[in-house]
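Step one of this worksheet: look at the structure below.
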Amino acid sequence: MTGRRRRVVVTGGAGFLGSHLCDRLLERGDEVVAIDNLATGRLSNIEHLFGVDGFTFVRHDVSQYVWVPGPVDAVLHFASPASPKDYLELPIQTLKVGSLGTHNTLGLAKDKGARYLLASTSEVYGDPQVHPQPEEYWGHVNPVGPRGVYDEAKRFGEAMAMAYHRAHGLDVRIARIFNTYGPRIRPADGRVVANFLVQALEGKPITVYGDGTQTRSFCYVDDEVRGLLALLDSDHVGPLNIGNPTEHTVTELAEVVLEVTGSASSLVFEPLPVDDPTQRRPDITLARRVLGWEPEVSLREGLARTTGWLEATAT
Ligand code: UDP
């Protein structure tokens with residue numbers, strides 16, 4: 001590759017993580033082809049990129065055959081519903097984009113001789129019986145439960161990516177992404193940070209599912225994207241956990257949200273969704289060692305920045 005800019009395909013490029021990846025890649029001088037069918041992605045996430053030199057948007061469902069003319073140096077497969085609310089509403093599409101979409105984009109990368117980064121997930125660990133979760137843990141997933149459509153599609157995607165790596169020598173990277181939040185998360189996305197912030201800002205009750213003792217570990221989007229690009233640029237195939245290891249109960253999250261927003265909302269307790277994991281926290285020993293990466297933005301700071309963004313866009 002001489003005399004031209006690196007050219008990167010981002011599927012799910014109009015989504016939450018995908019659009020932030022497009023921003024960072026363009027900032028560092030790469031050309032970007034963003035592909036999105038806008039099932040859960042939004043043009044408002046990338047409208048500032050239209051007209052930017054090196055940026056192209058293609059509206060397409062990557063569960064169908066994918067073709068991109070011209071050279072491609074990297075394919076980042078980030079297309080998928082990612083909120084439990086979304087993938088329960090779009091179960092077949094979620095299975096298809098994680099399986100057929102992964103196959104199609106692997107085929108594109110193989111044909112172009114491109115590096116391939118798969119957006120996998122902490123959901124491959126299911127309701128984990130090992131805590132925190134290291135990459136060697138095989139997980140505890142219910143394949144036939146409602147969350148299975150996401151979990152198993154991502155597990156299949158990892159298996160498919162590793163098969164292309166072993167059988168075709170494809171240059172693969174697999175990131176296991178833990179709960180991530182920040183600007184561009186859809187207010188109606190249904191995930192806990194979006195729900196709690198919107199409810200707090202509107203003075204409505206905060207909906208805690210179950211008894212609120214289940215835990216999650218929340219990573220601010222800038223930290224997450226920095227880790228993902230470090231993995232892309234590294235020699236490490238993975239899978240690699242990219243997440244924030246600071247763990248909170250859902251009730252603790254609600255309390256921090258109330259504090260950051262200055263809201264007087266009350267907490268209401270609602271039924272726990274089926275197969276909701278009781279605990280989740282990444283072991284990031286490997287990411288620290290091979291990437292020299294770790295998160296920097298605290299939950300309070302990240303929630304304050306996200307609140308600022310929600311207030312600025314809620315007009
Ligand atoms: N949750 C909650 N209230 C909400 C939304 C989610 O208590 O309004 C809980 C949910 O049951 C889970 C955790 O927050 O235990 C994280 O849920 P989310 O949908 O953000 O993603 P998950 O980590 O389950 O994929």
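Just remember, in the structure tokens the first chain shown is A, the second B, etc., residues are 1-based per chain, and ligands are 1-based in the order shown.
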Residues of region 202-270 of chain A that approach region 119-126 of chain A to 10 Å or less, counting only C-alpha atoms: could you list each one with the shortest pair of atoms and its distance in Å to one decimal, rows by chain and increasing residue number, as a tab-separated table?
```
residue	atom	partner	partner_atom	distance
A:Leu228	CA	A:Ala119	CA	8.8
A:Pro239	CA	A:Ser120	CA	8.3
A:Leu240	CA	A:Ser120	CA	9.3
A:Asn241	CA	A:Ser122	CA	7.7
A:Ile242	CA	A:Thr121	CA	9.0
A:Gly243	CA	A:Ser122	CA	8.9
```
For the residues selected in the previous step, produce a file with N, CA and C atoms as a CSV table (one decimal), in the first residue's frame.
```
chain,number,residue,atom,x,y,z
A,228,LEU,N,-10.7,-0.4,20.7
A,228,LEU,CA,-11.0,-1.1,19.5
A,228,LEU,C,-9.9,-0.8,18.4
A,239,PRO,N,-9.8,-13.7,20.8
A,239,PRO,CA,-10.6,-12.6,21.3
A,239,PRO,C,-10.0,-11.8,22.5
A,240,LEU,N,-10.4,-10.6,22.5
A,240,LEU,CA,-9.8,-9.7,23.5
A,240,LEU,C,-11.0,-8.9,24.2
A,241,ASN,N,-11.1,-8.9,25.5
A,241,ASN,CA,-12.1,-8.1,26.2
A,241,ASN,C,-11.7,-6.6,26.1
A,242,ILE,N,-12.6,-5.8,25.7
A,242,ILE,CA,-12.4,-4.3,25.7
A,242,ILE,C,-13.6,-3.8,26.5
A,243,GLY,N,-13.4,-3.4,27.7
A,243,GLY,CA,-14.4,-2.9,28.5
A,243,GLY,C,-13.8,-2.3,29.8
```
### Message
Taking the DSSP secondary structure from the backbone, can you list the residues of region 108-212 of chain A that are helix (DSSP H, G or I), as an MDAnalysis selection string?
### Response
chainID A and resid 108:112 122:125 148:168 192:201
Could you list, with a cut-off of 8 Å and counting only C-alpha atoms and all ligand atoms, the residues of chain A near ligand 1, each shown with its nearest atom pair and the distance in Å rounded to one decimal, rows sorted by chain and ascending number, as JSON lines?
```
{"residue": "A:Ala82", "atom": "CA", "partner": "ligand 1", "partner_atom_place_in_ligand_line": "25 (O)", "distance": 7.7}
{"residue": "A:Ser83", "atom": "CA", "partner": "ligand 1", "partner_atom_place_in_ligand_line": "19 (O)", "distance": 5.8}
{"residue": "A:Pro84", "atom": "CA", "partner": "ligand 1", "partner_atom_place_in_ligand_line": "19 (O)", "distance": 5.3}
{"residue": "A:Lys85", "atom": "CA", "partner": "ligand 1", "partner_atom_place_in_ligand_line": "19 (O)", "distance": 6.9}
{"residue": "A:Glu123", "atom": "CA", "partner": "ligand 1", "partner_atom_place_in_ligand_line": "25 (O)", "distance": 7.1}
{"residue": "A:Phe178", "atom": "CA", "partner": "ligand 1", "partner_atom_place_in_ligand_line": "23 (O)", "distance": 7.8}
{"residue": "A:Asn179", "atom": "CA", "partner": "ligand 1", "partner_atom_place_in_ligand_line": "23 (O)", "distance": 5.9}
{"residue": "A:Gly190", "atom": "CA", "partner": "ligand 1", "partner_atom_place_in_ligand_line": "5 (C)", "distance": 6.0}
{"residue": "A:Arg191", "atom": "CA", "partner": "ligand 1", "partner_atom_place_in_ligand_line": "20 (O)", "distance": 3.4}
{"residue": "A:Val192", "atom": "CA", "partner": "ligand 1", "partner_atom_place_in_ligand_line": "5 (C)", "distance": 3.7}
{"residue": "A:Val193", "atom": "CA", "partner": "ligand 1", "partner_atom_place_in_ligand_line": "20 (O)", "distance": 6.2}
{"residue": "A:Ala194", "atom": "CA", "partner": "ligand 1", "partner_atom_place_in_ligand_line": "20 (O)", "distance": 7.9}
{"residue": "A:Asn195", "atom": "CA", "partner": "ligand 1", "partner_atom_place_in_ligand_line": "8 (O)", "distance": 5.0}
{"residue": "A:Phe196", "atom": "CA", "partner": "ligand 1", "partner_atom_place_in_ligand_line": "8 (O)", "distance": 6.2}
{"residue": "A:Ile206", "atom": "CA", "partner": "ligand 1", "partner_atom_place_in_ligand_line": "8 (O)", "distance": 7.0}
{"residue": "A:Thr207", "atom": "CA", "partner": "ligand 1", "partner_atom_place_in_ligand_line": "8 (O)", "distance": 4.7}
{"residue": "A:Val208", "atom": "CA", "partner": "ligand 1", "partner_atom_place_in_ligand_line": "7 (O)", "distance": 3.6}
{"residue": "A:Tyr209", "atom": "CA", "partner": "ligand 1", "partner_atom_place_in_ligand_line": "7 (O)", "distance": 3.7}
{"residue": "A:Gly210", "atom": "CA", "partner": "ligand 1", "partner_atom_place_in_ligand_line": "11 (O)", "distance": 6.8}
{"residue": "A:Gly212", "atom": "CA", "partner": "ligand 1", "partner_atom_place_in_ligand_line": "7 (O)", "distance": 6.2}
{"residue": "A:Gln214", "atom": "CA", "partner": "ligand 1", "partner_atom_place_in_ligand_line": "15 (O)", "distance": 5.6}
{"residue": "A:Thr215", "atom": "CA", "partner": "ligand 1", "partner_atom_place_in_ligand_line": "15 (O)", "distance": 6.8}
{"residue": "A:Arg216", "atom": "CA", "partner": "ligand 1", "partner_atom_place_in_ligand_line": "23 (O)", "distance": 6.3}
{"residue": "A:Val250", "atom": "CA", "partner": "ligand 1", "partner_atom_place_in_ligand_line": "14 (O)", "distance": 5.8}
{"residue": "A:Thr251", "atom": "CA", "partner": "ligand 1", "partner_atom_place_in_ligand_line": "7 (O)", "distance": 7.7}
{"residue": "A:Phe269", "atom": "CA", "partner": "ligand 1", "partner_atom_place_in_ligand_line": "7 (O)", "distance": 7.9}
{"residue": "A:Glu270", "atom": "CA", "partner": "ligand 1", "partner_atom_place_in_ligand_line": "7 (O)", "distance": 7.7}
{"residue": "A:Leu272", "atom": "CA", "partner": "ligand 1", "partner_atom_place_in_ligand_line": "11 (O)", "distance": 5.5}
{"residue": "A:Pro273", "atom": "CA", "partner": "ligand 1", "partner_atom_place_in_ligand_line": "11 (O)", "distance": 5.9}
{"residue": "A:Asp276", "atom": "CA", "partner": "ligand 1", "partner_atom_place_in_ligand_line": "15 (O)", "distance": 5.7}
{"residue": "A:Pro277", "atom": "CA", "partner": "ligand 1", "partner_atom_place_in_ligand_line": "15 (O)", "distance": 6.4}
{"residue": "A:Thr278", "atom": "CA", "partner": "ligand 1", "partner_atom_place_in_ligand_line": "15 (O)", "distance": 6.9}
{"residue": "A:Arg280", "atom": "CA", "partner": "ligand 1", "partner_atom_place_in_ligand_line": "23 (O)", "distance": 7.8}
```
Using only C-alpha atoms, I'd like a table of the residues in region 122-217 of chain A that come within 9 Å of region 12-33 of chain A; for each, show the closest atom pair and its distance in Å rounded to one decimal, ordered by chain and ascending number, as a tab-separated table.
```
residue	atom	partner	partner_atom	distance
A:Thr180	CA	A:Leu17	CA	8.6
A:Tyr181	CA	A:Phe16	CA	8.7
A:Gly182	CA	A:Phe16	CA	8.6
A:Pro183	CA	A:Phe16	CA	8.1
A:Arg184	CA	A:Phe16	CA	5.6
A:Ile185	CA	A:Phe16	CA	5.7
A:Arg186	CA	A:Phe16	CA	7.9
```
Selection from above, N, CA, C and O atoms, as a tab-separated table (two decimals), in the first residue's frame, can you write it?
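Saved as part_8.tsv:
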```tsv
chain	number	residue	atom	x	y	z
A	180	THR	N	-21.26	-0.35	26.84
A	180	THR	CA	-20.66	0.93	26.47
A	180	THR	C	-21.76	1.98	26.36
A	180	THR	O	-22.88	1.67	25.96
A	181	TYR	N	-21.43	3.21	26.74
A	181	TYR	CA	-22.42	4.29	26.73
A	181	TYR	C	-21.71	5.58	26.33
A	181	TYR	O	-20.46	5.65	26.35
A	182	GLY	N	-22.51	6.59	26.01
A	182	GLY	CA	-21.93	7.89	25.68
A	182	GLY	C	-22.80	8.61	24.67
A	182	GLY	O	-23.88	8.13	24.31
A	183	PRO	N	-22.34	9.77	24.19
A	183	PRO	CA	-23.09	10.50	23.18
A	183	PRO	C	-23.42	9.62	21.98
A	183	PRO	O	-22.62	8.77	21.59
A	184	ARG	N	-24.61	9.82	21.41
A	184	ARG	CA	-25.19	9.09	20.27
A	184	ARG	C	-25.90	7.82	20.67
A	184	ARG	O	-26.42	7.11	19.80
A	185	ILE	N	-25.90	7.47	21.97
A	185	ILE	CA	-26.75	6.35	22.36
A	185	ILE	C	-28.19	6.83	22.14
A	185	ILE	O	-28.52	7.98	22.43
A	186	ARG	N	-29.02	5.98	21.54
A	186	ARG	CA	-30.40	6.43	21.25
A	186	ARG	C	-31.18	6.60	22.56
A	186	ARG	O	-31.18	5.69	23.40
```
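Shortest separation to Ile46 (chain A) among A:Leu286, A:Ala34, A:Lys204, A:His103 occurs at residue A:Ala34, atoms counted being only C-alpha atoms.
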